[in-house]
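Visitor: Structure file my_file-v1.cif (mmCIF, C-alpha atoms) right here:
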```
data_final
#
loop_
_atom_site.group_PDB
_atom_site.id
_atom_site.type_symbol
_atom_site.label_atom_id
_atom_site.label_comp_id
_atom_site.auth_asym_id
_atom_site.auth_seq_id
_atom_site.Cartn_x
_atom_site.Cartn_y
_atom_site.Cartn_z
ATOM 1 C CA MET A 206 -58.632 103.750 -50.333
ATOM 2 C CA LYS A 207 -57.944 102.491 -53.858
ATOM 3 C CA THR A 208 -54.508 104.126 -53.721
ATOM 4 C CA LEU A 209 -53.693 102.420 -50.424
ATOM 5 C CA PHE A 210 -54.839 99.049 -51.785
ATOM 6 C CA ALA A 211 -52.767 99.556 -54.947
ATOM 7 C CA ALA A 212 -49.683 100.473 -52.870
ATOM 8 C CA VAL A 213 -50.066 97.408 -50.616
ATOM 9 C CA ALA A 214 -50.569 95.167 -53.649
ATOM 10 C CA ALA A 215 -47.481 96.629 -55.345
ATOM 11 C CA VAL A 216 -45.326 96.055 -52.249
ATOM 12 C CA ALA A 217 -46.607 92.483 -51.916
ATOM 13 C CA LEU A 218 -45.904 91.824 -55.594
ATOM 14 C CA LEU A 219 -42.389 93.248 -55.380
ATOM 15 C CA THR A 220 -41.648 91.237 -52.231
ATOM 16 C CA ALA A 221 -42.806 88.037 -53.918
ATOM 17 C CA CYS A 222 -40.564 88.726 -56.915
ATOM 18 C CA GLN A 223 -37.388 89.159 -54.881
ATOM 19 C CA THR A 224 -35.084 86.196 -55.129
ATOM 20 C CA VAL A 225 -33.813 84.531 -52.014
ATOM 21 C CA PRO A 226 -30.172 83.466 -52.315
ATOM 22 C CA ASP A 227 -29.921 79.775 -53.156
ATOM 23 C CA GLU A 228 -28.673 77.468 -50.456
ATOM 24 C CA PRO A 229 -25.276 76.037 -51.411
ATOM 25 C CA LEU A 230 -25.240 72.424 -52.538
ATOM 26 C CA ARG A 231 -24.138 70.120 -49.722
ATOM 27 C CA ALA A 232 -23.397 66.431 -49.283
ATOM 28 C CA THR A 233 -22.159 64.113 -46.550
ATOM 29 C CA ALA A 234 -20.559 60.695 -46.224
ATOM 30 C CA ALA A 235 -20.450 58.540 -43.106
ATOM 31 C CA LEU A 236 -17.180 56.592 -43.187
ATOM 32 C CA GLN A 237 -17.665 53.120 -41.746
ATOM 33 C CA PRO A 238 -14.899 50.602 -40.991
ATOM 34 C CA THR A 239 -14.327 47.788 -43.431
ATOM 35 C CA LYS A 240 -13.875 44.210 -42.125
ATOM 36 C CA GLY A 241 -11.019 44.057 -39.619
ATOM 37 C CA SER A 242 -10.661 47.841 -39.376
ATOM 38 C CA LYS A 243 -11.521 50.313 -36.643
ATOM 39 C CA ALA A 244 -11.332 53.431 -38.836
ATOM 40 C CA PHE A 245 -14.432 55.594 -39.097
ATOM 41 C CA GLY A 246 -15.426 59.205 -39.567
ATOM 42 C CA GLU A 247 -17.528 61.745 -41.381
ATOM 43 C CA ALA A 248 -17.041 63.920 -44.427
ATOM 44 C CA THR A 249 -18.983 66.981 -45.491
ATOM 45 C CA PHE A 250 -18.928 68.644 -48.883
ATOM 46 C CA GLU A 251 -20.143 72.115 -49.827
ATOM 47 C CA GLN A 252 -20.194 73.710 -53.271
ATOM 48 C CA VAL A 253 -18.431 77.100 -53.106
ATOM 49 C CA GLY A 254 -18.478 78.673 -56.551
ATOM 50 C CA ASP A 255 -16.636 76.341 -58.921
ATOM 51 C CA LYS A 256 -14.916 74.444 -56.077
ATOM 52 C CA VAL A 257 -16.025 72.007 -53.399
ATOM 53 C CA ARG A 258 -15.007 72.419 -49.777
ATOM 54 C CA VAL A 259 -14.197 69.022 -48.263
ATOM 55 C CA ILE A 260 -14.093 68.651 -44.478
ATOM 56 C CA VAL A 261 -13.240 65.270 -42.977
ATOM 57 C CA PHE A 262 -12.904 63.991 -39.421
ATOM 58 C CA ALA A 263 -11.594 60.430 -39.092
ATOM 59 C CA GLN A 264 -10.368 58.279 -36.234
ATOM 60 C CA GLY A 265 -9.207 54.759 -35.583
ATOM 61 C CA LEU A 266 -6.319 55.335 -38.025
ATOM 62 C CA LYS A 267 -2.720 54.193 -37.584
ATOM 63 C CA PRO A 268 -1.104 56.896 -35.412
ATOM 64 C CA ASP A 269 1.313 59.392 -36.974
ATOM 65 C CA GLN A 270 0.747 58.160 -40.510
ATOM 66 C CA GLU A 271 -0.599 59.369 -43.833
ATOM 67 C CA HIS A 272 -3.541 57.491 -45.289
ATOM 68 C CA GLY A 273 -4.531 57.606 -48.939
ATOM 69 C CA PHE A 274 -7.943 59.224 -49.376
ATOM 70 C CA HIS A 275 -9.969 59.070 -52.584
ATOM 71 C CA ILE A 276 -13.375 59.449 -54.163
ATOM 72 C CA HIS A 277 -14.196 56.208 -55.996
ATOM 73 C CA GLU A 278 -16.500 55.508 -58.948
ATOM 74 C CA ALA A 279 -19.354 53.683 -57.241
ATOM 75 C CA GLY A 280 -21.240 54.327 -54.037
ATOM 76 C CA ASP A 281 -21.335 50.719 -52.880
ATOM 77 C CA CYS A 282 -19.821 49.770 -49.519
ATOM 78 C CA SER A 283 -21.796 46.525 -49.198
ATOM 79 C CA SER A 284 -18.894 44.158 -49.922
ATOM 80 C CA GLY A 285 -17.343 44.721 -46.482
ATOM 81 C CA ASP A 286 -13.889 45.429 -47.959
ATOM 82 C CA GLY A 287 -14.730 48.627 -49.881
ATOM 83 C CA MET A 288 -14.065 46.976 -53.254
ATOM 84 C CA GLY A 289 -17.639 47.649 -54.401
ATOM 85 C CA THR A 290 -16.642 51.295 -54.868
ATOM 86 C CA LYS A 291 -14.489 50.228 -57.862
ATOM 87 C CA GLY A 292 -11.572 52.449 -58.974
ATOM 88 C CA HIS A 293 -10.837 56.113 -58.407
ATOM 89 C CA PHE A 294 -13.396 58.557 -59.772
ATOM 90 C CA ASN A 295 -11.842 59.660 -63.074
ATOM 91 C CA PRO A 296 -14.425 61.118 -65.482
ATOM 92 C CA HIS A 297 -11.792 62.982 -67.532
ATOM 93 C CA GLY A 298 -9.413 60.055 -68.127
ATOM 94 C CA LYS A 299 -6.404 61.602 -66.346
ATOM 95 C CA PRO A 300 -3.512 59.784 -64.607
ATOM 96 C CA HIS A 301 -3.392 59.361 -60.837
ATOM 97 C CA ALA A 302 -1.392 62.263 -59.364
ATOM 98 C CA GLN A 303 -0.982 64.796 -56.567
ATOM 99 C CA PRO A 304 -4.251 66.570 -55.724
ATOM 100 C CA THR A 305 -2.531 69.921 -56.344
ATOM 101 C CA THR A 306 -2.138 69.304 -60.080
ATOM 102 C CA GLY A 307 -4.862 69.698 -62.699
ATOM 103 C CA GLU A 308 -3.762 66.541 -64.486
ATOM 104 C CA ARG A 309 -5.181 64.031 -62.022
ATOM 105 C CA HIS A 310 -8.147 61.837 -61.247
ATOM 106 C CA ALA A 311 -11.078 63.916 -60.035
ATOM 107 C CA GLY A 312 -11.110 61.562 -57.035
ATOM 108 C CA ASP A 313 -7.515 62.258 -55.973
ATOM 109 C CA LEU A 314 -7.762 63.978 -52.587
ATOM 110 C CA PRO A 315 -5.045 65.048 -50.119
ATOM 111 C CA ALA A 316 -3.907 62.399 -47.653
ATOM 112 C CA LEU A 317 -5.407 62.110 -44.210
ATOM 113 C CA LYS A 318 -2.570 62.709 -41.737
ATOM 114 C CA SER A 319 -3.277 61.082 -38.402
ATOM 115 C CA ALA A 320 -1.991 62.409 -35.098
ATOM 116 C CA LYS A 321 -0.603 60.334 -32.223
ATOM 117 C CA ASP A 322 -4.169 59.496 -31.181
ATOM 118 C CA GLY A 323 -5.072 58.087 -34.616
ATOM 119 C CA ARG A 324 -7.349 61.004 -35.481
ATOM 120 C CA ALA A 325 -7.184 63.110 -38.616
ATOM 121 C CA LYS A 326 -8.849 66.275 -39.862
ATOM 122 C CA LEU A 327 -8.837 67.608 -43.404
ATOM 123 C CA ASP A 328 -10.309 70.905 -44.611
ATOM 124 C CA VAL A 329 -9.543 71.621 -48.262
ATOM 125 C CA MET A 330 -11.004 73.295 -51.343
ATOM 126 C CA MET A 331 -11.012 71.018 -54.399
ATOM 127 C CA ASP A 332 -11.450 71.842 -58.051
ATOM 128 C CA ILE A 333 -12.548 69.562 -60.949
ATOM 129 C CA ILE A 334 -15.359 68.049 -58.848
ATOM 130 C CA THR A 335 -18.872 69.302 -58.228
ATOM 131 C CA LEU A 336 -21.974 68.534 -56.209
ATOM 132 C CA GLY A 337 -24.202 69.654 -59.075
ATOM 133 C CA PRO A 338 -25.302 67.463 -61.958
ATOM 134 C CA GLY A 339 -22.808 66.513 -64.641
ATOM 135 C CA PRO A 340 -19.874 64.196 -65.304
ATOM 136 C CA ALA A 341 -17.769 65.627 -62.432
ATOM 137 C CA SER A 342 -20.510 65.186 -59.802
ATOM 138 C CA ILE A 343 -19.381 63.258 -56.730
ATOM 139 C CA VAL A 344 -22.877 62.672 -55.345
ATOM 140 C CA GLY A 345 -23.536 58.941 -55.186
ATOM 141 C CA ARG A 346 -19.832 58.068 -55.368
ATOM 142 C CA GLY A 347 -17.768 56.107 -52.852
ATOM 143 C CA LEU A 348 -15.328 57.666 -50.399
ATOM 144 C CA ILE A 349 -12.405 55.518 -49.247
ATOM 145 C CA VAL A 350 -9.730 55.817 -46.561
ATOM 146 C CA HIS A 351 -6.746 53.561 -47.302
ATOM 147 C CA ALA A 352 -4.399 51.812 -44.854
ATOM 148 C CA ASP A 353 -1.199 53.322 -46.263
ATOM 149 C CA ALA A 354 0.143 56.556 -47.697
ATOM 150 C CA ASP A 355 -0.483 57.380 -51.361
ATOM 151 C CA ASP A 356 2.749 57.591 -53.381
ATOM 152 C CA TYR A 357 0.954 59.675 -56.071
ATOM 153 C CA LYS A 358 2.971 57.807 -58.737
ATOM 154 C CA THR A 359 1.772 54.212 -58.999
ATOM 155 C CA GLN A 360 -0.958 53.972 -61.630
ATOM 156 C CA PRO A 361 -3.847 53.942 -61.261
ATOM 157 C CA THR A 362 -4.129 53.698 -57.464
ATOM 158 C CA GLY A 363 -1.155 55.304 -55.724
ATOM 159 C CA ASN A 364 -0.263 52.033 -53.986
ATOM 160 C CA SER A 365 -2.122 53.133 -50.858
ATOM 161 C CA GLY A 366 -3.088 49.700 -49.641
ATOM 162 C CA ALA A 367 -6.261 48.187 -48.257
ATOM 163 C CA ARG A 368 -9.513 50.086 -47.947
ATOM 164 C CA ILE A 369 -10.035 50.601 -44.218
ATOM 165 C CA ALA A 370 -13.110 52.873 -44.234
ATOM 166 C CA CYS A 371 -15.869 53.306 -46.776
ATOM 167 C CA GLY A 372 -18.703 55.783 -47.229
ATOM 168 C CA VAL A 373 -21.199 56.898 -49.842
ATOM 169 C CA ILE A 374 -21.478 60.590 -50.713
ATOM 170 C CA LYS A 375 -25.135 61.593 -50.318
ATOM 171 C CA ALA A 376 -26.759 64.910 -51.230
ATOM 172 C CA GLY A 377 -28.184 66.990 -48.440
#
```
I need this file expressed as structure tokens, please.

Guide:
Amino acid sequence: MKTLFAAVAAVALLTACQTVPDEPLRATAALQPTKGSKAFGEATFEQVGDKVRVIVFAQGLKPDQEHGFHIHEAGDCSSGDGMGTKGHFNPHGKPHAQPTTGERHAGDLPALKSAKDGRAKLDVMMDIITLGPGPASIVGRGLIVHADADDYKTQPTGNSGARIACGVIKAG
């Protein structure tokens, strides 16, 4: 009987010591229209190793057009025009540039390309940002859809026009 009890206790102890894989870090942002805009959508973020998968669905955009899309410094959409989010998220002091280069703002994301119906979808893996703690964390930051295409040259904004949708990136 003692042997059986010892075996059961050992199995229970070993089971309790096994680690369950951690859930990946996730975040979301509900994109709401700014004053005078009809653009809205949703973005999800998931930490995948040292990159973040960004998935965005947006609608109410100008049909058949690119729209600048950026993570901004502050998570404040209360102004109605998106200006409370301040400038692009740039913790490493880099110039504004194409999202495919390492020398760019951390907040420089690929453009949203709308279809004829004014809807856009983006699914991309991004480096130099994280959902975990640290200077490159995007949790609590603003997410902005702009009215126009980003030229990826004009400093520091890309000349992408008015802010037509605004959201705050929230953990969970």

Visitor: With 8 Å as the cut-off and all atoms listed in the file counted, what is the closest atom pair between each nearby residue of stretch 334-370 of chain A and stretch 270-282 of chain A? Distances in Å to one decimal, ordered by chain and number, as JSON lines.

Guide:
```
{"residue": "A:Ile343", "atom": "CA", "partner": "A:Ile276", "partner_atom": "CA", "distance": 7.6}
{"residue": "A:Gly345", "atom": "CA", "partner": "A:Gly280", "partner_atom": "CA", "distance": 5.3}
{"residue": "A:Arg346", "atom": "CA", "partner": "A:Gly280", "partner_atom": "CA", "distance": 4.2}
{"residue": "A:Gly347", "atom": "CA", "partner": "A:Gly280", "partner_atom": "CA", "distance": 4.1}
{"residue": "A:Leu348", "atom": "CA", "partner": "A:Ile276", "partner_atom": "CA", "distance": 4.6}
{"residue": "A:Ile349", "atom": "CA", "partner": "A:His275", "partner_atom": "CA", "distance": 5.4}
{"residue": "A:Val350", "atom": "CA", "partner": "A:Phe274", "partner_atom": "CA", "distance": 4.8}
{"residue": "A:His351", "atom": "CA", "partner": "A:Gly273", "partner_atom": "CA", "distance": 4.9}
{"residue": "A:Ala352", "atom": "CA", "partner": "A:His272", "partner_atom": "CA", "distance": 5.8}
{"residue": "A:Asp353", "atom": "CA", "partner": "A:His272", "partner_atom": "CA", "distance": 4.9}
{"residue": "A:Ala354", "atom": "CA", "partner": "A:His272", "partner_atom": "CA", "distance": 4.5}
{"residue": "A:Asp355", "atom": "CA", "partner": "A:Gly273", "partner_atom": "CA", "distance": 4.7}
{"residue": "A:Gly363", "atom": "CA", "partner": "A:Gly273", "partner_atom": "CA", "distance": 7.9}
{"residue": "A:Ser365", "atom": "CA", "partner": "A:Gly273", "partner_atom": "CA", "distance": 5.4}
```

Visitor: Neighbouring residues of A:Cys371 were defined as those with any atom within 9 Å, considering only C-alpha atoms; residues of the same chain fewer than 2 positions away were excluded. Please report them as a PDB file with C-alpha atoms, in the frame of the given file.

Guide:
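Result file follows (selection02.pdb):
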```pdb
ATOM      1  CA  ALA A 234     -20.559  60.695 -46.224  1.00  0.00           C
ATOM      2  CA  ALA A 235     -20.450  58.540 -43.106  1.00  0.00           C
ATOM      3  CA  LEU A 236     -17.180  56.592 -43.187  1.00  0.00           C
ATOM      4  CA  GLN A 237     -17.665  53.120 -41.746  1.00  0.00           C
ATOM      5  CA  PRO A 238     -14.899  50.602 -40.991  1.00  0.00           C
ATOM      6  CA  THR A 239     -14.327  47.788 -43.431  1.00  0.00           C
ATOM      7  CA  PHE A 245     -14.432  55.594 -39.097  1.00  0.00           C
ATOM      8  CA  ASP A 281     -21.335  50.719 -52.880  1.00  0.00           C
ATOM      9  CA  CYS A 282     -19.821  49.770 -49.519  1.00  0.00           C
ATOM     10  CA  GLY A 285     -17.343  44.721 -46.482  1.00  0.00           C
ATOM     11  CA  ASP A 286     -13.889  45.429 -47.959  1.00  0.00           C
ATOM     12  CA  GLY A 287     -14.730  48.627 -49.881  1.00  0.00           C
ATOM     13  CA  THR A 290     -16.642  51.295 -54.868  1.00  0.00           C
ATOM     14  CA  GLY A 347     -17.768  56.107 -52.852  1.00  0.00           C
ATOM     15  CA  LEU A 348     -15.328  57.666 -50.399  1.00  0.00           C
ATOM     16  CA  ILE A 349     -12.405  55.518 -49.247  1.00  0.00           C
ATOM     17  CA  VAL A 350      -9.730  55.817 -46.561  1.00  0.00           C
ATOM     18  CA  ARG A 368      -9.513  50.086 -47.947  1.00  0.00           C
ATOM     19  CA  ILE A 369     -10.035  50.601 -44.218  1.00  0.00           C
ATOM     20  CA  VAL A 373     -21.199  56.898 -49.842  1.00  0.00           C
TER      21      VAL A 373
END
```

Visitor: With distances taken over all atoms listed in the file, which of A:Gly307, A:Gly254, A:Pro315, A:Pro361 is nearest to A:Leu230?

Guide: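 Answer, going by the shortest atom-to-atom distance: A:Gly254.
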
Visitor: Once you add 3 Å to each side, what are the centre and edge lengths of the axis-aligned box holding all listed atoms of stretch 302-307 of chain A? One decimal in Å, as JSON, if you can.

Guide:
```
{"center_x": -2.9, "center_y": 66.1, "center_z": -59.2, "size_x": 9.9, "size_y": 13.7, "size_z": 13.0}
```

Visitor: Smallest atom-to-atom distance to A:Glu247: which of A:Ala376, A:Ala316, A:Val261, A:Met330, using all atoms listed in the file?

Guide: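 The answer is A:Val261, which sits nearest to A:Glu247.
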
Visitor: Please provide the set of residues having any atom within 6 Å of A:Val257, restricted to all atoms listed in the file, with same-chain residues fewer than 5 positions apart removed, written as a ChimeraX atom specification.

Guide: /A:251-252,330-331

Visitor: Would you kindly return, as a list in words, each protein, DNA or RNA residue with an atom no farther than 7 Å from any atom of A:Phe262, considering only C-alpha atoms and excluding same-chain residues fewer than 6 positions away?

Guide: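 Within the cut-off, the hits are Gly246, Glu247, Ala248, Ala325, Lys326 and Leu327 of chain A.
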
Visitor: Around the point (-7.0, 63.1, -65.4) in the file's coordinates, collect all residues with an atom within 12 Å, using all atoms listed in the file, and return them as a PyMOL selection string.

Guide: chain A and resi 293-304+306-313+333-334+341+360-361

Visitor: Smallest atom-to-atom distance to A:Arg258: which of A:Val329, A:Ala232, A:Ala320, A:Leu336, using all atoms listed in the file?

Guide: A:Val329

Visitor: Measuring between only C-alpha atoms, which one of A:Gly292, A:Lys243, A:Ser342, A:Asp227 shows the shortest distance to A:Asp255?

Guide: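 Distance minimum relative to A:Asp255 lands on A:Ser342.
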
Visitor: What's the separation between atom CA of A:Gly241 and atom CA of A:Val259, in Å to one decimal place?

Guide: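 Atom CA of A:Val259 lies at a distance of 26.6 Å from atom CA of A:Gly241.
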
Visitor: For a quick check of understanding, using all atoms listed in the file, which of A:Gln264, A:Ser242, A:Thr249, A:Ser283 has the smallest distance to A:Asp328?

Guide: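 Using all atoms listed in the file, A:Asp328 sits closest to A:Thr249.
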
Visitor: To one decimal place, how far is atom CA of A:Ile374 from atom CA of A:Ser319 in Å?

Guide: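 Pair atom CA of A:Ile374 / atom CA of A:Ser319 returns 22.0 Å.
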
Visitor: Between A:Ala367, A:Leu314, A:Ala244, A:Val344, single out the one closest to A:Lys267, counting all atoms listed in the file.

Guide: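 With all atoms listed in the file as the atom set, the closest residue is A:Ala244.
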
Visitor: In Å, with one decimal, what is the gap from atom CA of A:Asp332 to atom CA of A:Thr305?

Guide: 9.3 Å
